[in-house]
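*Asks:* The structure follows.
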Amino acid sequence: MERILGPQLAEFIRSLHEEHGVIFHLEDAPAAIDPRRVHTKSGVALDADLVVVGVGVRPRTQLAEEAGLATDRGVMVDAHLETSAPGIFAAGDIARWPDPHSGERIRVEHWVVAERQGQTAALNMLGFGQSFDAVPFFWSQHYDVPINYVGHAERWDEIEVAGDVAARDCLVRYKRGGRVLAVASIYRDLDSLKAELDLERQAIDRQS
Ligand SMILES: Cc1cc2nc3c(=O)[nH]c(=O)nc-3n(C[C@H](O)[C@H](O)[C@H](O)COP(=O)(O)OP(=O)(O)OC[C@H]3O[C@@H](n4cnc5c(N)ncnc54)[C@H](O)[C@@H]3O)c2cc1C
């Protein structure tokens with residue numbers, strides 16, 4: 001998770017899992033799976049009754065492409081979540097929308113974003129003309145430790161840690177050019193909500 005959360009939280013998550021007996025085989029990959037074992041590329045054989053494969057997802061855009069909708073690693077939508085075909089909307093994992101917070105066209109695979117976009121798309125089908133300007137949010141639960149993440153930072157030039165990550169009490173800010181793009185937190189829910197509000201206000205200030 002270092003790509004998304006940076007080295008401090010990634011290191012914490014790794015040690016948290018190790019405390020629970022998880023053994024990581026980093027920089028290795030499965031080469032073969034037989035009924036009893038997983039064989040890795042480096043030649044390790046791991047006994048296994050059950051294998052859980054997490055390989056990510058790729059949006060299925062073929063139907064949209066064949067229908068002539070504009071796509072770019074997802075279905076392109078405008079601020080109203082309307083596709084390039086008037087009256088056709090897309091929401092959730094498949095939609096790439098102009099995010100007013102990062103100023104970029106982003107696609108996010110998270111539950112709350114899909115839920116909120118569904119609401120906005122439905123309202124807009126009824127003619128309400130609402131812009132989707134919610135700050136993206138997700139949580140990630142590891143044993144008894146919830147990590148809340150608000151905002152969207154694919155790249156950053158600074159990570160600011162307030163509190164103590166190892167003590168499970170922290171707020172981590174991801175910044176680019178001095179501006180906070182996203183905030184991750186552990187057991188600091190109020191601070192996380194305040195950060196969400198700040199991100200919402202920043203976007204309103206930039207638009208006005
Ligand atoms: C293992 C896993 C863990 C996750 N954990 C988290 C988490 O901890 N926190 C979080 O925020 N998010 C998490 N997510 C992401 C979250 O589940 C998704 O972001 C969310 O479900 C997206 O909703 P959606 O409606 O856009 O897409 P989906 O839930 O994928 O719904 C799309 C639906 O469209 C249907 N469909 C596809 N093609 C067609 C077609 N041609 N015709 C008709 N129907 C079609 C599919 O069958 C599916 O039911 C997780 C996802 C996975 C897979």
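Lettering and numbering for the structure tokens are positional, with chains as A, B, ... in the shown order, residues counted from 1 in each chain, and ligands counted from 1 in the shown order.
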What are the closest atom pairs, with distances in Å to one decimal, for each residue of chain A lying within 9 Å of ligand 1, using only C-alpha atoms and all ligand atoms, rows by chain and rising residue number, as a tab-separated table?

*Replies:*
residue	atom	partner	partner_atom_place_in_ligand_line	distance
A:Gly54	CA	ligand 1	1 (C)	7.3
A:Gly56	CA	ligand 1	53 (C)	7.7
A:Val57	CA	ligand 1	53 (C)	7.6
A:Pro59	CA	ligand 1	30 (O)	8.9
A:Arg60	CA	ligand 1	38 (N)	7.2
A:Leu63	CA	ligand 1	41 (N)	6.7
A:Ala90	CA	ligand 1	26 (O)	8.7
A:Ala91	CA	ligand 1	26 (O)	6.1
A:Gly92	CA	ligand 1	26 (O)	3.3
A:Asp93	CA	ligand 1	26 (O)	3.9
A:Ile94	CA	ligand 1	26 (O)	6.0
A:Ala95	CA	ligand 1	26 (O)	7.9
A:Val108	CA	ligand 1	19 (O)	7.1
A:Glu109	CA	ligand 1	19 (O)	3.9
A:His110	CA	ligand 1	19 (O)	3.3
A:Trp111	CA	ligand 1	11 (O)	3.9
A:Val112	CA	ligand 1	11 (O)	5.8
A:Val113	CA	ligand 1	19 (O)	7.1
A:Ala114	CA	ligand 1	26 (O)	4.9
A:Glu115	CA	ligand 1	23 (O)	7.1
A:Gln117	CA	ligand 1	26 (O)	8.6
A:Gly118	CA	ligand 1	25 (O)	7.7
A:Phe137	CA	ligand 1	11 (O)	7.1
A:Phe138	CA	ligand 1	11 (O)	4.3
A:Trp139	CA	ligand 1	9 (N)	5.2
A:Ser140	CA	ligand 1	8 (O)	4.9
A:Gln141	CA	ligand 1	8 (O)	6.7

*Asks:* If we count only C-alpha atoms, what is near Glu154 of chain A at a cut-off of 8 Å, once residues fewer than 2 positions away on the same chain are taken out, given as a list in words?

*Replies:*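 My list of contacting residues is Ile4, His152 and Trp156 of chain A.
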
*Asks:* May I ask which of the residues A:Arg188, A:Arg36, A:Lys41, A:His101 is the closest one to Val165 of chain A, counting only C-alpha atoms?

*Replies:*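 Counting only C-alpha atoms, the residue closest to Val165 of chain A is A:Arg188.
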
*Asks:* For atom CA of Ile88 of chain A and atom CA of Arg107 of chain A, determine how far apart the two atoms are, in Å to one decimal place.

*Replies:*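 About the pair atom CA of Ile88 of chain A and atom CA of Arg107 of chain A: they are 17.6 Å apart.
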
*Asks:* Give me the residues within 12 Å of Phe12 of chain A as a list of chain:residue names, counting only C-alpha atoms and dropping any in the same chain fewer than 2 places off.

*Replies:* A:Met1, A:Glu2, A:Leu5, A:Gly6, A:Pro7, A:Gln8, A:Leu9, A:Ala10, A:Arg14, A:Ser15, A:Leu16, A:His17, A:Glu18, A:Glu19, A:His142, A:Val145, A:Ile147, A:Asp164, A:Val165, A:Ala166, A:Ala167, A:Arg168, A:Asp169, A:Cys170, A:Ile186

*Asks:* Leaving out Val172 of chain A and any residue of its chain fewer than 3 positions from it, which residues lie within 8 Å of it when counting only C-alpha atoms, given as number ranges by chain?

*Replies:* A: 159-162, 183-185

*Asks:* Give me, as number ranges by chain, all polymer residues having an atom no more than 12 Å from Ala32 of chain A, counting only C-alpha atoms and skipping those fewer than 3 positions away in the same chain.

*Replies:* A: 29, 35-46, 51

*Asks:* Which residue, A:Pro146, A:Arg96, A:Ala64, A:Ala48, has the smallest gap to Met76 of chain A when you use only C-alpha atoms?

*Replies:*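 Once distances to Met76 of chain A are computed over only C-alpha atoms, the minimum belongs to A:Arg96.
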
*Asks:* Select from chain A everything DSSP, run on the backbone, classes as strand (DSSP E), then give the selection as JSON, numbers by chain.

*Replies:* {"A": [30, 31, 32, 33, 37, 38, 39, 40, 45, 46, 47, 75, 76, 95, 96, 97, 98, 105, 106, 137, 138, 139, 140, 141, 142, 145, 146, 147, 148, 149, 150, 151, 158, 159, 160, 161, 162, 163, 164, 169, 170, 171, 172, 173, 174, 175, 176, 179, 180, 181, 182, 183, 184, 185, 186]}
